[in-house]
file work-v3.csv (CSV, N, CA and C atoms)
chain,number,residue,atom,x,y,z
F,1,MET,N,108.8,138.6,164.1
F,1,MET,CA,109.4,139.0,165.4
F,1,MET,C,110.0,137.8,166.2
F,2,ALA,N,109.4,136.7,166.0
F,2,ALA,CA,109.9,135.5,166.7
F,2,ALA,C,111.3,135.1,166.2
F,3,VAL,N,111.5,135.3,164.9
F,3,VAL,CA,112.8,134.9,164.4
F,3,VAL,C,113.9,135.8,164.9
F,4,VAL,N,113.6,137.1,165.1
F,4,VAL,CA,114.6,138.1,165.6
F,4,VAL,C,114.9,137.7,167.0
F,5,CYS,N,113.9,137.4,167.9
F,5,CYS,CA,114.2,137.0,169.2
F,5,CYS,C,115.0,135.7,169.3
F,6,PHE,N,114.7,134.8,168.5
F,6,PHE,CA,115.4,133.5,168.5
F,6,PHE,C,116.9,133.7,168.1
F,7,SER,N,117.1,134.6,167.1
F,7,SER,CA,118.5,134.8,166.6
F,7,SER,C,119.3,135.6,167.7
F,8,ARG,N,118.6,136.5,168.4
F,8,ARG,CA,119.3,137.3,169.4
F,8,ARG,C,119.6,136.3,170.6
F,9,THR,N,118.7,135.5,171.0
F,9,THR,CA,118.9,134.5,172.1
F,9,THR,C,120.0,133.5,171.7
F,10,SER,N,120.0,133.0,170.5
F,10,SER,CA,121.1,132.1,170.0
F,10,SER,C,122.4,132.8,170.1
F,11,GLY,N,122.5,134.0,169.7
F,11,GLY,CA,123.8,134.7,169.7
F,11,GLY,C,124.3,134.9,171.1
F,12,LEU,N,123.4,135.2,172.1
F,12,LEU,CA,123.8,135.3,173.5
F,12,LEU,C,124.3,134.0,174.1
F,13,ILE,N,123.6,132.9,173.7
F,13,ILE,CA,124.0,131.6,174.1
F,13,ILE,C,125.4,131.2,173.6
F,14,LEU,N,125.6,131.5,172.3
F,14,LEU,CA,126.9,131.3,171.6
F,14,LEU,C,128.0,132.1,172.3
F,15,LEU,N,127.7,133.3,172.6
F,15,LEU,CA,128.7,134.2,173.2
F,15,LEU,C,129.0,133.7,174.6
F,16,PHE,N,128.0,133.2,175.4
F,16,PHE,CA,128.3,132.6,176.7
F,16,PHE,C,129.2,131.4,176.6
F,17,LEU,N,128.9,130.5,175.6
F,17,LEU,CA,129.7,129.3,175.5
F,17,LEU,C,131.1,129.6,175.1
F,18,VAL,N,131.3,130.6,174.2
F,18,VAL,CA,132.7,131.0,173.8
F,18,VAL,C,133.4,131.5,175.0
F,19,ASN,N,132.8,132.4,175.7
F,19,ASN,CA,133.5,133.0,176.9
F,19,ASN,C,133.8,132.0,178.0
F,20,THR,N,132.9,131.0,178.2
F,20,THR,CA,133.1,130.0,179.2
F,20,THR,C,134.3,129.1,178.8
F,21,LEU,N,134.3,128.7,177.6
F,21,LEU,CA,135.4,127.8,177.1
F,21,LEU,C,136.7,128.5,177.1
F,22,ALA,N,136.7,129.8,176.8
F,22,ALA,CA,138.0,130.6,176.8
F,22,ALA,C,138.5,130.8,178.1
F,23,VAL,N,137.7,130.9,179.2
F,23,VAL,CA,138.1,131.2,180.5
F,23,VAL,C,138.9,130.1,181.2
F,24,SER,N,138.3,128.9,181.1
F,24,SER,CA,138.9,127.7,181.8
F,24,SER,C,139.8,126.9,180.9
F,25,PRO,N,141.1,126.9,181.1
F,25,PRO,CA,142.0,126.2,180.3
F,25,PRO,C,142.0,124.7,180.6
F,26,TRP,N,142.2,123.9,179.7
F,26,TRP,CA,142.2,122.4,179.9
F,26,TRP,C,143.5,121.8,179.3
F,27,LEU,N,143.9,120.7,179.8
F,27,LEU,CA,145.0,119.9,179.3
F,27,LEU,C,144.6,119.3,177.9
F,28,THR,N,145.5,119.2,177.0
F,28,THR,CA,145.2,118.5,175.7
F,28,THR,C,145.6,117.1,175.9
F,29,SER,N,146.8,116.8,176.5
F,29,SER,CA,147.2,115.4,176.7
F,29,SER,C,148.2,115.3,177.8
F,30,VAL,N,148.3,114.1,178.3
F,30,VAL,CA,149.3,113.8,179.4
F,30,VAL,C,150.0,112.5,178.8
F,31,LYS,N,151.3,112.7,178.6
F,31,LYS,CA,152.1,111.6,178.0
F,31,LYS,C,153.1,111.1,179.0
F,32,LEU,N,152.9,109.9,179.4
F,32,LEU,CA,153.8,109.3,180.4
F,32,LEU,C,154.9,108.6,179.6
F,33,ASP,N,156.1,109.3,179.6
F,33,ASP,CA,157.3,108.8,178.8
F,33,ASP,C,157.9,107.6,179.5
F,34,ASN,N,158.1,107.7,180.8
F,34,ASN,CA,158.7,106.6,181.6
F,34,ASN,C,158.3,106.7,183.0
F,35,VAL,N,158.1,105.5,183.7
F,35,VAL,CA,157.9,105.5,185.1
F,35,VAL,C,158.5,104.2,185.7
F,36,THR,N,159.2,104.4,186.8
F,36,THR,CA,159.7,103.3,187.6
F,36,THR,C,159.3,103.4,189.0
F,37,CYS,N,158.7,102.3,189.6
F,37,CYS,CA,158.2,102.3,190.9
F,37,CYS,C,158.9,101.3,191.8
F,38,ASN,N,159.1,101.6,193.0
F,38,ASN,CA,159.5,100.6,194.0
F,38,ASN,C,158.4,100.6,195.1
F,39,GLU,N,158.7,100.0,196.2
F,39,GLU,CA,157.6,99.9,197.3
F,39,GLU,C,157.3,101.3,197.9
F,40,LEU,N,158.2,102.3,197.7
F,40,LEU,CA,158.0,103.5,198.4
F,40,LEU,C,157.6,104.7,197.5
F,41,LYS,N,158.2,104.7,196.3
F,41,LYS,CA,157.9,105.9,195.4
F,41,LYS,C,158.0,105.5,193.9
F,42,CYS,N,157.4,106.4,193.1
F,42,CYS,CA,157.5,106.3,191.7
F,42,CYS,C,158.3,107.5,191.1
F,43,ASP,N,159.2,107.2,190.2
F,43,ASP,CA,159.9,108.2,189.5
F,43,ASP,C,159.3,108.4,188.1
F,44,TYR,N,158.8,109.6,187.8
F,44,TYR,CA,158.1,109.8,186.5
F,44,TYR,C,158.9,110.7,185.6
F,45,ARG,N,158.7,110.4,184.3
F,45,ARG,CA,159.1,111.3,183.2
F,45,ARG,C,157.9,111.5,182.4
F,46,ILE,N,157.4,112.7,182.3
F,46,ILE,CA,156.1,113.0,181.8
F,46,ILE,C,156.1,114.3,181.1
F,47,LYS,N,155.2,114.4,180.1
F,47,LYS,CA,155.0,115.6,179.3
F,47,LYS,C,153.5,115.9,179.4
F,48,VAL,N,153.2,117.1,179.9
F,48,VAL,CA,151.8,117.6,180.0
F,48,VAL,C,151.6,118.7,179.0
F,49,VAL,N,150.6,118.5,178.1
F,49,VAL,CA,150.5,119.4,176.9
F,49,VAL,C,149.1,120.1,177.0
F,50,GLY,N,149.2,121.4,176.7
F,50,GLY,CA,148.0,122.2,176.7
F,50,GLY,C,148.3,123.7,176.5
F,51,ASP,N,147.4,124.5,176.2
F,51,ASP,CA,147.6,125.9,176.1
F,51,ASP,C,147.5,126.6,177.4
F,52,VAL,N,148.5,126.2,178.3
F,52,VAL,CA,148.6,126.7,179.7
F,52,VAL,C,150.0,127.1,180.0
F,53,ASP,N,150.2,127.9,181.0
F,53,ASP,CA,151.5,128.4,181.4
F,53,ASP,C,152.3,127.3,182.1
F,54,GLN,N,151.6,126.7,183.2
F,54,GLN,CA,152.2,125.7,184.0
F,54,GLN,C,151.2,124.7,184.4
F,55,TRP,N,151.6,123.6,184.9
F,55,TRP,CA,150.7,122.6,185.5
F,55,TRP,C,151.3,122.1,186.8
F,56,SER,N,150.4,121.5,187.6
F,56,SER,CA,150.8,121.1,188.9
F,56,SER,C,150.0,119.8,189.3
F,57,LEU,N,150.4,119.2,190.3
F,57,LEU,CA,149.7,118.1,190.9
F,57,LEU,C,149.2,118.4,192.3
F,58,THR,N,148.0,118.0,192.7
F,58,THR,CA,147.5,118.2,194.0
F,58,THR,C,146.9,116.9,194.5
F,59,SER,N,146.8,116.8,195.8
F,59,SER,CA,146.2,115.6,196.4
F,59,SER,C,144.7,115.8,196.7
F,60,ASN,N,144.2,117.0,196.4
F,60,ASN,CA,142.8,117.3,196.6
F,60,ASN,C,142.0,117.0,195.4
F,61,GLU,N,140.9,116.2,195.6
F,61,GLU,CA,140.0,115.9,194.5
F,61,GLU,C,138.9,117.0,194.5
F,62,LYS,N,138.7,117.5,193.2
F,62,LYS,CA,137.8,118.6,193.1
F,62,LYS,C,137.1,118.4,191.7
F,63,ILE,N,136.1,119.3,191.5
F,63,ILE,CA,135.3,119.3,190.3
F,63,ILE,C,136.2,120.1,189.2
F,64,ARG,N,136.1,119.6,188.0
F,64,ARG,CA,136.8,120.3,186.9
F,64,ARG,C,136.4,121.7,186.8
F,65,GLY,N,137.5,122.6,186.8
F,65,GLY,CA,137.3,124.0,186.7
F,65,GLY,C,137.3,124.8,188.0
F,66,GLU,N,137.2,124.1,189.1
F,66,GLU,CA,137.4,124.7,190.4
F,66,GLU,C,138.8,125.2,190.6
F,67,ILE,N,139.0,126.1,191.5
F,67,ILE,CA,140.3,126.7,191.8
F,67,ILE,C,141.1,125.7,192.5
F,68,CYS,N,142.4,125.5,192.1
F,68,CYS,CA,143.3,124.6,192.8
F,68,CYS,C,144.0,125.2,193.9
F,69,ASP,N,144.3,124.4,194.9
F,69,ASP,CA,145.2,124.8,196.0
F,69,ASP,C,146.1,123.6,196.3
F,70,ASP,N,146.9,123.7,197.3
F,70,ASP,CA,147.7,122.6,197.8
F,70,ASP,C,148.5,121.9,196.6
F,71,LYS,N,149.3,122.7,196.0
F,71,LYS,CA,150.1,122.1,194.9
F,71,LYS,C,151.3,121.3,195.4
F,72,LEU,N,151.4,120.0,195.0
F,72,LEU,CA,152.5,119.2,195.4
F,72,LEU,C,153.8,119.5,194.6
F,73,ILE,N,153.6,119.7,193.3
F,73,ILE,CA,154.8,120.1,192.5
F,73,ILE,C,154.2,121.1,191.4
F,74,VAL,N,155.1,121.9,190.9
F,74,VAL,CA,154.7,122.9,189.8
F,74,VAL,C,155.7,122.7,188.7
F,75,GLN,N,155.2,122.5,187.5
F,75,GLN,CA,156.1,122.3,186.4
F,75,GLN,C,155.7,123.1,185.2
F,76,GLU,N,156.6,123.4,184.3
F,76,GLU,CA,156.3,124.1,183.0
F,76,GLU,C,155.6,123.1,182.1
F,77,SER,N,154.6,123.7,181.3
F,77,SER,CA,153.9,122.8,180.4
F,77,SER,C,154.6,122.6,179.1
F,78,ASN,N,154.2,121.6,178.4
F,78,ASN,CA,154.7,121.3,177.0
F,78,ASN,C,156.2,120.9,177.0
F,79,VAL,N,156.8,120.5,178.1
F,79,VAL,CA,158.1,120.0,178.1
F,79,VAL,C,158.2,118.7,178.9
F,80,LEU,N,159.2,117.9,178.6
F,80,LEU,CA,159.3,116.6,179.4
F,80,LEU,C,160.0,117.0,180.7
F,81,VAL,N,159.4,116.5,181.8
F,81,VAL,CA,159.9,116.8,183.2
F,81,VAL,C,160.0,115.5,183.9
F,82,GLU,N,160.8,115.5,185.0
F,82,GLU,CA,161.0,114.4,185.8
F,82,GLU,C,160.7,114.7,187.3
F,83,PHE,N,160.1,113.8,188.0
F,83,PHE,CA,159.8,114.1,189.4
F,83,PHE,C,159.4,112.7,190.1
F,84,SER,N,159.3,112.8,191.4
F,84,SER,CA,159.0,111.6,192.2
F,84,SER,C,157.8,111.8,193.1
F,85,LEU,N,157.0,110.8,193.3
F,85,LEU,CA,155.8,110.8,194.2
F,85,LEU,C,155.8,109.5,195.0
F,86,PRO,N,155.2,109.6,196.2
F,86,PRO,CA,154.9,108.3,196.9
F,86,PRO,C,154.1,107.4,196.0
F,87,VAL,N,154.4,106.1,196.1
F,87,VAL,CA,153.7,105.1,195.2
F,87,VAL,C,152.2,105.0,195.4
F,88,SER,N,151.7,105.2,196.6
F,88,SER,CA,150.3,105.1,196.8
F,88,SER,C,149.5,106.4,196.8
F,89,ARG,N,150.1,107.5,196.4
F,89,ARG,CA,149.5,108.8,196.4
F,89,ARG,C,148.8,109.0,195.1
F,90,LYS,N,147.5,109.3,195.2
F,90,LYS,CA,146.7,109.7,194.0
F,90,LYS,C,146.9,111.2,193.8
F,91,ALA,N,147.4,111.7,192.7
F,91,ALA,CA,147.6,113.1,192.4
F,91,ALA,C,146.8,113.6,191.2
F,92,TYR,N,146.1,114.6,191.4
F,92,TYR,CA,145.2,115.2,190.4
F,92,TYR,C,145.9,116.4,189.7
F,93,PHE,N,145.5,116.6,188.5
F,93,PHE,CA,146.2,117.7,187.7
F,93,PHE,C,145.5,119.0,187.8
F,94,CYS,N,146.3,120.1,187.9
F,94,CYS,CA,145.8,121.5,187.8
F,94,CYS,C,146.6,122.2,186.7
F,95,VAL,N,146.1,123.2,186.2
F,95,VAL,CA,146.8,124.0,185.2
F,95,VAL,C,146.7,125.5,185.6
F,96,GLU,N,147.7,126.3,185.2
F,96,GLU,CA,147.8,127.7,185.5
F,96,GLU,C,147.7,128.5,184.2
F,97,LYS,N,146.8,129.4,184.2
F,97,LYS,CA,146.6,130.3,183.0
F,97,LYS,C,146.3,131.7,183.6
F,98,ASP,N,147.2,132.6,183.2
F,98,ASP,CA,147.1,134.0,183.6
F,98,ASP,C,147.0,134.2,185.1
F,99,GLY,N,147.7,133.4,185.9
F,99,GLY,CA,147.8,133.5,187.3
F,99,GLY,C,146.8,132.8,188.1
F,100,VAL,N,145.9,132.1,187.4
F,100,VAL,CA,144.8,131.4,188.1
F,100,VAL,C,145.0,129.9,187.9
F,101,TRP,N,144.9,129.1,189.0
F,101,TRP,CA,145.1,127.6,188.9
F,101,TRP,C,143.7,126.9,188.8
F,102,TYR,N,143.5,126.1,187.8
F,102,TYR,CA,142.2,125.4,187.6
F,102,TYR,C,142.4,123.9,187.7
F,103,HIS,N,141.6,123.3,188.5
F,103,HIS,CA,141.6,121.8,188.7
F,103,HIS,C,141.1,121.2,187.4
F,104,GLN,N,141.7,120.0,187.0
F,104,GLN,CA,141.3,119.3,185.8
F,104,GLN,C,140.2,118.3,186.1
F,105,GLY,N,139.8,118.1,187.3
F,105,GLY,CA,138.7,117.2,187.6
F,105,GLY,C,139.2,115.9,188.3
F,106,LYS,N,138.2,115.3,188.9
F,106,LYS,CA,138.5,114.0,189.7
F,106,LYS,C,138.8,112.8,188.8
F,107,ASN,N,138.5,112.9,187.5
F,107,ASN,CA,138.7,111.8,186.6
F,107,ASN,C,140.0,111.8,185.9
F,108,LEU,N,140.9,112.8,186.1
F,108,LEU,CA,142.2,112.8,185.5
F,108,LEU,C,143.2,112.8,186.7
F,109,TYR,N,143.9,111.7,186.9
F,109,TYR,CA,144.8,111.6,188.0
F,109,TYR,C,146.0,110.7,187.7
F,110,LEU,N,147.0,110.8,188.5
F,110,LEU,CA,148.3,110.0,188.3
F,110,LEU,C,148.3,109.2,189.6
F,111,ILE,N,148.5,107.9,189.4
F,111,ILE,CA,148.7,107.0,190.6
F,111,ILE,C,149.6,105.8,190.2
F,112,GLY,N,150.5,105.5,191.0
F,112,GLY,CA,151.4,104.4,190.6
F,112,GLY,C,152.1,104.6,189.3
F,113,ASP,N,152.0,103.6,188.4
F,113,ASP,CA,152.6,103.7,187.1
F,113,ASP,C,151.6,104.0,186.0
F,114,ASP,N,150.5,104.7,186.3
F,114,ASP,CA,149.5,105.0,185.4
F,114,ASP,C,148.9,106.4,185.5
F,115,VAL,N,148.6,106.9,184.3
F,115,VAL,CA,147.8,108.2,184.2
F,115,VAL,C,146.4,107.8,183.8
F,116,THR,N,145.4,108.1,184.6
F,116,THR,CA,144.0,107.7,184.4
F,116,THR,C,143.1,108.9,184.1
F,117,HIS,N,142.4,108.8,183.0
F,117,HIS,CA,141.4,109.7,182.7
F,117,HIS,C,140.1,108.9,182.3
F,118,LEU,N,139.1,109.1,183.1
F,118,LEU,CA,137.9,108.3,182.9
F,118,LEU,C,136.9,109.0,181.9
F,119,ASP,N,136.9,110.3,181.9
F,119,ASP,CA,136.0,111.0,181.0
F,119,ASP,C,136.5,112.5,181.0
F,120,TRP,N,137.0,113.0,179.8
F,120,TRP,CA,137.4,114.3,179.8
F,120,TRP,C,136.2,115.2,179.8

call {"tool": "encode", "arguments": {"input": "work-v3.csv", "output": "structure tokens"}}
result
Amino acid sequence: MAVVCFSRTSGLILLFLVNTLAVSPWLTSVKLDNVTCNELKCDYRIKVVGDVDQWSLTSNEKIRGEICDDKLIVQESNVLVEFSLPVSRKAYFCVEKDGVWYHQGKNLYLIGDDVTHLDW
């Protein structure tokens, strides 16, 4: 009887993990193709890759998976795009999947001439 309960519990945990991972989309990579900065702004050429519809940048720091708001820019994913941001502004990544915007966390951000991810 203990084996049956263990198997059933393991199956429920596995189902929970699969559903949780399927719900929240994540970026696969952020490729900074080119960036030029002056004292006021940085011009970026960047490709954001993932199984998502669109991505955006926000000035709000949040926990990974929380709902995003305050989108600075919105871009199509998996293509090379160009945009400008103030040089001193820290911008965090969000992704859109099925109409919902998910924050990618406080450890993945764009600032100056660098994309920083401290821990996916």

call {"tool": "residues_around", "arguments": {"input": "work-v3.csv", "residues": "Phe83 in chain F", "least_positions_apart": "2", "cutoff": "9 Å", "atoms": "only C-alpha atoms", "output": "PyMOL selection string"}}
result
chain F and resi 42-46+73+81+85

call {"tool": "residues_around", "arguments": {"input": "work-v3.csv", "residues": "Ser56 in chain F", "least_positions_apart": "4", "cutoff": "7 Å", "atoms": "only N, CA and C atoms", "output": "list in words"}}
result
Lys71, Leu72, Ile73, Val74, Gln75, Tyr92, Phe93, Cys94, Val95 and Glu96 of chain F

call {"tool": "closest_residue", "arguments": {"input": "work-v3.csv", "among": "F:Leu110, F:Cys37, F:Leu27, F:Val100", "to": "Cys68 in chain F", "atoms": "only N, CA and C atoms"}}
result
F:Val100

call {"tool": "atom_distance", "arguments": {"input": "work-v3.csv", "atom1": "atom C of Trp55 in chain F", "atom2": "atom N of Glu82 in chain F"}}
result
11.7 Å

call {"tool": "atom_distance", "arguments": {"input": "work-v3.csv", "atom1": "CA of Ser77 in chain F", "atom2": "CA of Glu39 in chain F"}}
result
28.7 Å

call {"tool": "axis_aligned_box", "arguments": {"input": "work-v3.csv", "around": "range 46-52 of chain F", "padding_each_side": "8 Å", "output": "lines of an AutoDock Vina configuration file"}}
result
center_x = 152.4
center_y = 119.9
center_z = 179.2
size_x = 26.0
size_y = 30.4
size_z = 22.2

call {"tool": "select_by_dssp", "arguments": {"input": "work-v3.csv", "residues": "range 55-89 of chain F", "states": "strand (DSSP E or B)", "output": "list in words"}}
result
Trp55, Ser56, Leu57, Thr58, Ile67, Lys71, Leu72, Ile73, Val74, Gln75, Glu76, Leu80, Val81, Glu82, Phe83, Ser84, Leu85 and Pro86 of chain F

call {"tool": "atom_distance", "arguments": {"input": "work-v3.csv", "atom1": "CA of Ser29 in chain F", "atom2": "CA of Val49 in chain F"}}
result
5.2 Å

call {"tool": "closest_residue", "arguments": {"input": "work-v3.csv", "among": "F:Glu76, F:Asp70, F:Leu32, F:Ser88", "to": "Thr58 in chain F", "atoms": "only N, CA and C atoms"}}
result
F:Asp70

call {"tool": "closest_residue", "arguments": {"input": "work-v3.csv", "among": "F:Lys97, F:Lys90, F:Lys106, F:Lys31", "to": "Gln54 in chain F", "atoms": "only C-alpha atoms"}}
result
F:Lys97

call {"tool": "residues_near_point", "arguments": {"input": "work-v3.csv", "point": "(152.8, 107.0, 182.7)", "cutoff": "6 Å", "atoms": "all atoms listed in the file", "output": "list in words"}}
result
Lys31, Leu32, Asp33, Asn34, Val35, Asp113, Asp114 and Val115 of chain F
